[in-house]
Each structure stands twice: as structure tokens, then as C-alpha cells.
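One structure is given below, encoded as C-alpha cells.
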Amino acid sequence: NGITSDESSRETLWFDVEPGVVLHLVNAYDRDDGTVVIHGYKAIPKKNASYILEYTPPFLHEWIIDPTSNKVLIDCCLNPKEAVEFPAIDDRDVGTAASYCYGVRTTGIGSPLEHFATPNTGILLDEVLKFSLLDSDDNKEDKEKEGITAAGDVIGRYMLPAGWHYVSEPTVVSKTFGNGHYVLLIATEVPEEGRSDYVGTAEFALNENEEKQNMKSQLIVLDGDNISQGPVCTVQLPSHMNYGLHSLFVPWDCLK
């Protein structure tokens, strides 16, 4: 791992950590004691091949680094049960001790894929998770008590109905009135028995004798205070969306 100061005159400091692949960092911030906390989604491939050749599931990971002593104090997985990708937090929390983050749960669908060689294993994205990044009580012995959470705990989740899959990452948007935020994602419905030779048309044929079915996509809006309650709003899109994965919210005033 390497960390650098926002002061351009300071050089990057490097630290030895357990090997792995981190495509997406969640956040990083300085603590009052001078240490640096880093969160990211880390995968540990089993073979000496490129990460992208054979998909390896990532999990929420935490590093705590002490630049003064040049030591890595903590290098651990916070939740080894939930494979996730595409992290998101409120932009207002970037660089601070954010209390939560979001991610999309990944589900493997086997290999080899028929039309793509890299990676040769396909994944689906069918559930968004909200993770705690902080212990709500310093006494970790009490973390199992009601209302007490530990870093890495899942504190909210929303699974799509059968046949629907996320095609974007979570995007966090502040509420216009009051505190809190919304979580925006785009999802596409795919017929359960869709043909494997689909090449991009907006229609699927379940078999040669059946009528083609249009694919549908929706913008899904979740309340960040309780994503488990499901969408507070859905917006039907004029055409279906393929995997885009990365997404960004642009305020209306910036589009004028």
C-alpha cells in the first residue's frame, strides 16, 4: 500500500501488506492519533494469474497504517461472508471517518462464458448492501446486543425481484430537504430463460417458436436511512440498459 499527503512536496510512503487485488477503494482518512485508516474491497486470487482472467470475489477490507513508525497496525477482512464490488459513500464523507458504505453483492454464474474470454467467469449483481464502517460501541464484547454494530456488519440490504439485475453501481445523492441521502441504481429485467446468443438487441426470444420479449430497465431510488424497505421511487427508462457499472449523479443546474 502507498499513501501520500495532499501536500505536493511530500513523497509517497510505501508499506508491506498481505498481497491481493483492490480494484476499488471505499475511503481513507487521518485519525487524531496520526494513523491512517483505509477501506477497500479486496480479492485474493488463488492462482498466479491476472485477476481479470479468472474472477475472484472481493470482500470489505480494512488497513490501519502508522506513517510515524512505518508499520501496518491492522490488515484484515471486515466481512468474509459478503462478496461485493463497486463501493459508494456520501461525497460529504470522503476523507472523514464515514460510518457506512454501500456495495453490490456479486454472484458467480459459472464458466466458461460463450462470447467472452476475459474474464471467463460471469457474475450477476442482484443485491445492494449497506455496511457499517465503525464500531458503535468500544466494547466489542457487546457488539451482539441489539442496536450495537461492529465495523463490517451489514446494516441494510435490498434484493431485486427475480429476473432483475443491477447494471450500475450505487450512487449516493443528498436529499434536497432535511438530512440523509438517497441511493440510486439502474436495474434491467432479463427473461429467466434468455438465449445465450444475445448480442445487444432490446429483445429476447425464449426459444425459436416463442414471441420475442422486450427487456426493461428502471432507475431505482432507495432511502439511505432504510434501504431494506425497498424503493421509495422507481422510474421506467425509455429503453433497456446494458451493463454500465460506473455511474454519476449530475445536479440539474449543471445540465443547463
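For the C-alpha cells, the naming scheme is as follows: chains receive sequential letters (A, B, ...) according to their order of presentation, residues are indexed from 1 within each chain, and ligands are indexed from 1 in presentation order.
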Which neighbours of A:Gly95 fall inside 10 Å, counting only C-alpha atoms, when residues of the same chain fewer than 3 positions from it are skipped, and could you give them as a ChimeraX atom specification?
/A:27-30,37-38,91-92,98
Please provide as a VMD selection string all residues within 12 Å of A:Pro251, with the sequence filter that same-chain residues fewer than 2 positions apart are discarded (counting only C-alpha atoms).
chain A and resid 173 to 176 248 to 249 253 to 256
Between A:Leu222, A:Val22, A:Ala88, A:Leu124, which is the closest to A:Phe59 once you count only C-alpha atoms?
A:Val22
Extract, using only C-alpha atoms, all DNA, RNA and protein residues at most 10 Å from A:Val221, discarding same-chain residues fewer than 2 positions from it, and format them as JSON, numbers by chain.
{"A": [170, 171, 172, 173, 182, 183, 184, 185, 186, 218, 219, 223, 224, 227, 230, 231, 232, 233, 234, 235]}
Would you mind exporting the chosen residues as a short mmCIF file (atom, residue, chain, number, x, y, z; two decimals), in the first residue's frame, restricted to all heavy atoms?
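Dumped to out_38.cif:
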```
data_model
loop_
_atom_site.label_atom_id
_atom_site.label_comp_id
_atom_site.auth_asym_id
_atom_site.auth_seq_id
_atom_site.Cartn_x
_atom_site.Cartn_y
_atom_site.Cartn_z
N PRO A 170 -23.94 1.66 -7.03
CA PRO A 170 -24.76 2.57 -6.22
C PRO A 170 -24.25 4.01 -6.38
O PRO A 170 -23.05 4.25 -6.45
CB PRO A 170 -24.55 2.07 -4.78
CG PRO A 170 -23.96 0.71 -4.91
CD PRO A 170 -23.20 0.71 -6.19
N THR A 171 -25.17 4.96 -6.44
CA THR A 171 -24.84 6.38 -6.49
C THR A 171 -25.57 7.06 -5.34
O THR A 171 -26.79 6.96 -5.25
CB THR A 171 -25.25 7.01 -7.83
OG1 THR A 171 -24.56 6.33 -8.89
CG2 THR A 171 -24.90 8.48 -7.86
N VAL A 172 -24.82 7.72 -4.47
CA VAL A 172 -25.39 8.35 -3.28
C VAL A 172 -25.67 9.82 -3.58
O VAL A 172 -24.78 10.55 -4.04
CB VAL A 172 -24.43 8.22 -2.07
CG1 VAL A 172 -25.01 8.90 -0.84
CG2 VAL A 172 -24.16 6.74 -1.79
N VAL A 173 -26.91 10.25 -3.31
CA VAL A 173 -27.34 11.61 -3.61
C VAL A 173 -27.97 12.22 -2.36
O VAL A 173 -28.87 11.61 -1.77
CB VAL A 173 -28.35 11.64 -4.77
CG1 VAL A 173 -28.80 13.07 -5.06
CG2 VAL A 173 -27.76 10.99 -6.01
N TYR A 182 -30.28 9.61 -0.66
CA TYR A 182 -30.88 8.52 -1.42
C TYR A 182 -29.76 7.70 -2.07
O TYR A 182 -28.65 8.18 -2.29
CB TYR A 182 -31.81 9.05 -2.50
CG TYR A 182 -33.03 9.76 -1.97
CD1 TYR A 182 -33.18 11.14 -2.12
CD2 TYR A 182 -34.05 9.05 -1.34
CE1 TYR A 182 -34.31 11.79 -1.64
CE2 TYR A 182 -35.18 9.70 -0.85
CZ TYR A 182 -35.30 11.07 -1.01
OH TYR A 182 -36.41 11.71 -0.53
N VAL A 183 -30.08 6.45 -2.39
CA VAL A 183 -29.17 5.58 -3.11
C VAL A 183 -29.82 5.22 -4.44
O VAL A 183 -30.92 4.66 -4.47
CB VAL A 183 -28.84 4.30 -2.32
CG1 VAL A 183 -27.84 3.44 -3.08
CG2 VAL A 183 -28.29 4.66 -0.94
N LEU A 184 -29.16 5.57 -5.55
CA LEU A 184 -29.71 5.36 -6.88
C LEU A 184 -28.97 4.23 -7.59
O LEU A 184 -27.74 4.15 -7.53
CB LEU A 184 -29.59 6.62 -7.72
CG LEU A 184 -30.61 7.76 -7.52
CD1 LEU A 184 -30.68 8.23 -6.08
CD2 LEU A 184 -30.28 8.92 -8.45
N LEU A 185 -29.74 3.35 -8.24
CA LEU A 185 -29.16 2.29 -9.07
C LEU A 185 -30.04 2.08 -10.29
O LEU A 185 -31.23 2.39 -10.25
CB LEU A 185 -29.04 0.96 -8.31
CG LEU A 185 -28.20 0.95 -7.04
CD1 LEU A 185 -29.09 0.93 -5.82
CD2 LEU A 185 -27.27 -0.27 -7.02
N ILE A 186 -29.45 1.54 -11.34
CA ILE A 186 -30.21 1.15 -12.53
C ILE A 186 -30.24 -0.37 -12.59
O ILE A 186 -29.22 -1.04 -12.39
CB ILE A 186 -29.58 1.74 -13.80
CG1 ILE A 186 -29.66 3.27 -13.76
CG2 ILE A 186 -30.29 1.21 -15.04
CD1 ILE A 186 -28.94 3.94 -14.91
N GLN A 218 -35.09 0.06 -15.14
CA GLN A 218 -35.65 1.04 -14.22
C GLN A 218 -34.54 1.74 -13.45
O GLN A 218 -33.51 1.14 -13.15
CB GLN A 218 -36.59 0.39 -13.21
CG GLN A 218 -37.91 -0.11 -13.75
CD GLN A 218 -38.78 -0.68 -12.65
OE1 GLN A 218 -38.30 -1.04 -11.58
NE2 GLN A 218 -40.08 -0.76 -12.91
N LEU A 219 -34.78 2.99 -13.12
CA LEU A 219 -33.98 3.69 -12.13
C LEU A 219 -34.65 3.42 -10.78
O LEU A 219 -35.84 3.66 -10.61
CB LEU A 219 -33.95 5.19 -12.40
CG LEU A 219 -33.31 6.05 -11.30
CD1 LEU A 219 -31.83 5.77 -11.19
CD2 LEU A 219 -33.57 7.53 -11.56
N ASP A 223 -34.09 4.80 0.03
CA ASP A 223 -33.80 5.74 1.12
C ASP A 223 -32.62 5.21 1.92
O ASP A 223 -32.68 4.11 2.45
CB ASP A 223 -35.03 5.89 2.02
CG ASP A 223 -34.90 7.03 3.02
OD1 ASP A 223 -33.76 7.31 3.45
OD2 ASP A 223 -35.92 7.64 3.38
N GLY A 224 -31.55 5.99 1.99
CA GLY A 224 -30.35 5.54 2.67
C GLY A 224 -30.56 5.23 4.14
O GLY A 224 -29.80 4.45 4.73
N ILE A 227 -32.62 1.11 3.51
CA ILE A 227 -32.71 0.56 2.16
C ILE A 227 -33.50 -0.75 2.15
O ILE A 227 -34.02 -1.15 1.10
CB ILE A 227 -31.31 0.35 1.54
CG1 ILE A 227 -30.52 -0.72 2.29
CG2 ILE A 227 -30.55 1.65 1.48
CD1 ILE A 227 -29.23 -1.11 1.58
N GLY A 230 -37.11 -1.19 0.64
CA GLY A 230 -37.34 -1.22 -0.80
C GLY A 230 -37.42 0.17 -1.39
O GLY A 230 -37.27 1.18 -0.70
N PRO A 231 -37.65 0.26 -2.68
CA PRO A 231 -37.62 1.56 -3.38
C PRO A 231 -38.70 2.52 -2.87
O PRO A 231 -39.83 2.12 -2.62
CB PRO A 231 -37.88 1.19 -4.84
CG PRO A 231 -37.53 -0.26 -4.95
CD PRO A 231 -37.86 -0.86 -3.63
N VAL A 232 -38.31 3.78 -2.73
CA VAL A 232 -39.28 4.83 -2.46
C VAL A 232 -39.79 5.41 -3.79
O VAL A 232 -40.78 6.12 -3.82
CB VAL A 232 -38.68 5.94 -1.59
CG1 VAL A 232 -38.31 5.40 -0.22
CG2 VAL A 232 -37.46 6.58 -2.25
N CYS A 233 -39.08 5.07 -4.86
CA CYS A 233 -39.49 5.53 -6.19
C CYS A 233 -38.80 4.67 -7.25
O CYS A 233 -37.64 4.27 -7.07
CB CYS A 233 -39.10 7.00 -6.38
SG CYS A 233 -39.48 7.68 -8.02
N THR A 234 -39.51 4.37 -8.33
CA THR A 234 -38.90 3.72 -9.49
C THR A 234 -39.31 4.50 -10.74
O THR A 234 -40.43 4.98 -10.83
CB THR A 234 -39.34 2.25 -9.64
OG1 THR A 234 -40.76 2.20 -9.76
CG2 THR A 234 -38.88 1.43 -8.45
N VAL A 235 -38.39 4.61 -11.67
CA VAL A 235 -38.64 5.35 -12.90
C VAL A 235 -38.34 4.43 -14.08
O VAL A 235 -37.22 3.96 -14.24
CB VAL A 235 -37.77 6.61 -13.00
CG1 VAL A 235 -38.06 7.36 -14.31
CG2 VAL A 235 -37.98 7.52 -11.80
#
```
In Å and to one decimal, atom CA of A:Gly156 is distant from atom CA of A:Trp63 by 23.3 Å
Please provide as a VMD selection string all residues within 9 Å of A:Ser99, with the sequence filter that same-chain residues fewer than 4 positions apart are discarded (counting only C-alpha atoms).
chain A and resid 93 131 to 135 151
Export of the given selection (C-alpha atoms) as a PDB file, in the first residue's frame:
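Okay, this is what ended up in part-v2.pdb:
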```pdb
ATOM      1  CA  ASP A  93     -17.957  11.866   3.993  1.00  0.00           C
ATOM      2  CA  PHE A 131     -22.004  -1.890   5.653  1.00  0.00           C
ATOM      3  CA  SER A 132     -21.075  -0.315   8.967  1.00  0.00           C
ATOM      4  CA  LEU A 133     -17.511   1.029   8.880  1.00  0.00           C
ATOM      5  CA  LEU A 134     -17.290   1.886  12.579  1.00  0.00           C
ATOM      6  CA  ASP A 135     -17.955   0.077  15.844  1.00  0.00           C
ATOM      7  CA  ALA A 151     -17.296  -2.499  11.512  1.00  0.00           C
TER       8      ALA A 151
END
```
Need the shell around A:Asn70: protein/DNA/RNA residues with any atom at most 9 Å away, counting only C-alpha atoms. Skip same-chain ones fewer than 5 positions apart. Format as an MDAnalysis selection string?
chainID A and resid 13:15 65
With N, CA and C atoms kept, could you save the residues just selected as a compact mmCIF listing (two decimals), in the first residue's frame?
```txt
# COMPACT_ATOMS: atom_id res chain seq x y z
N LEU A 13 4.63 7.28 0.77
CA LEU A 13 5.15 6.30 1.72
C LEU A 13 4.57 4.94 1.39
N TRP A 14 5.44 3.91 1.37
CA TRP A 14 5.00 2.58 0.99
C TRP A 14 5.08 1.63 2.18
N PHE A 15 4.10 0.73 2.25
CA PHE A 15 4.02 -0.22 3.37
C PHE A 15 3.73 -1.62 2.82
N ILE A 65 -2.72 2.19 9.15
CA ILE A 65 -1.29 2.38 8.92
C ILE A 65 -0.77 3.52 9.79
```
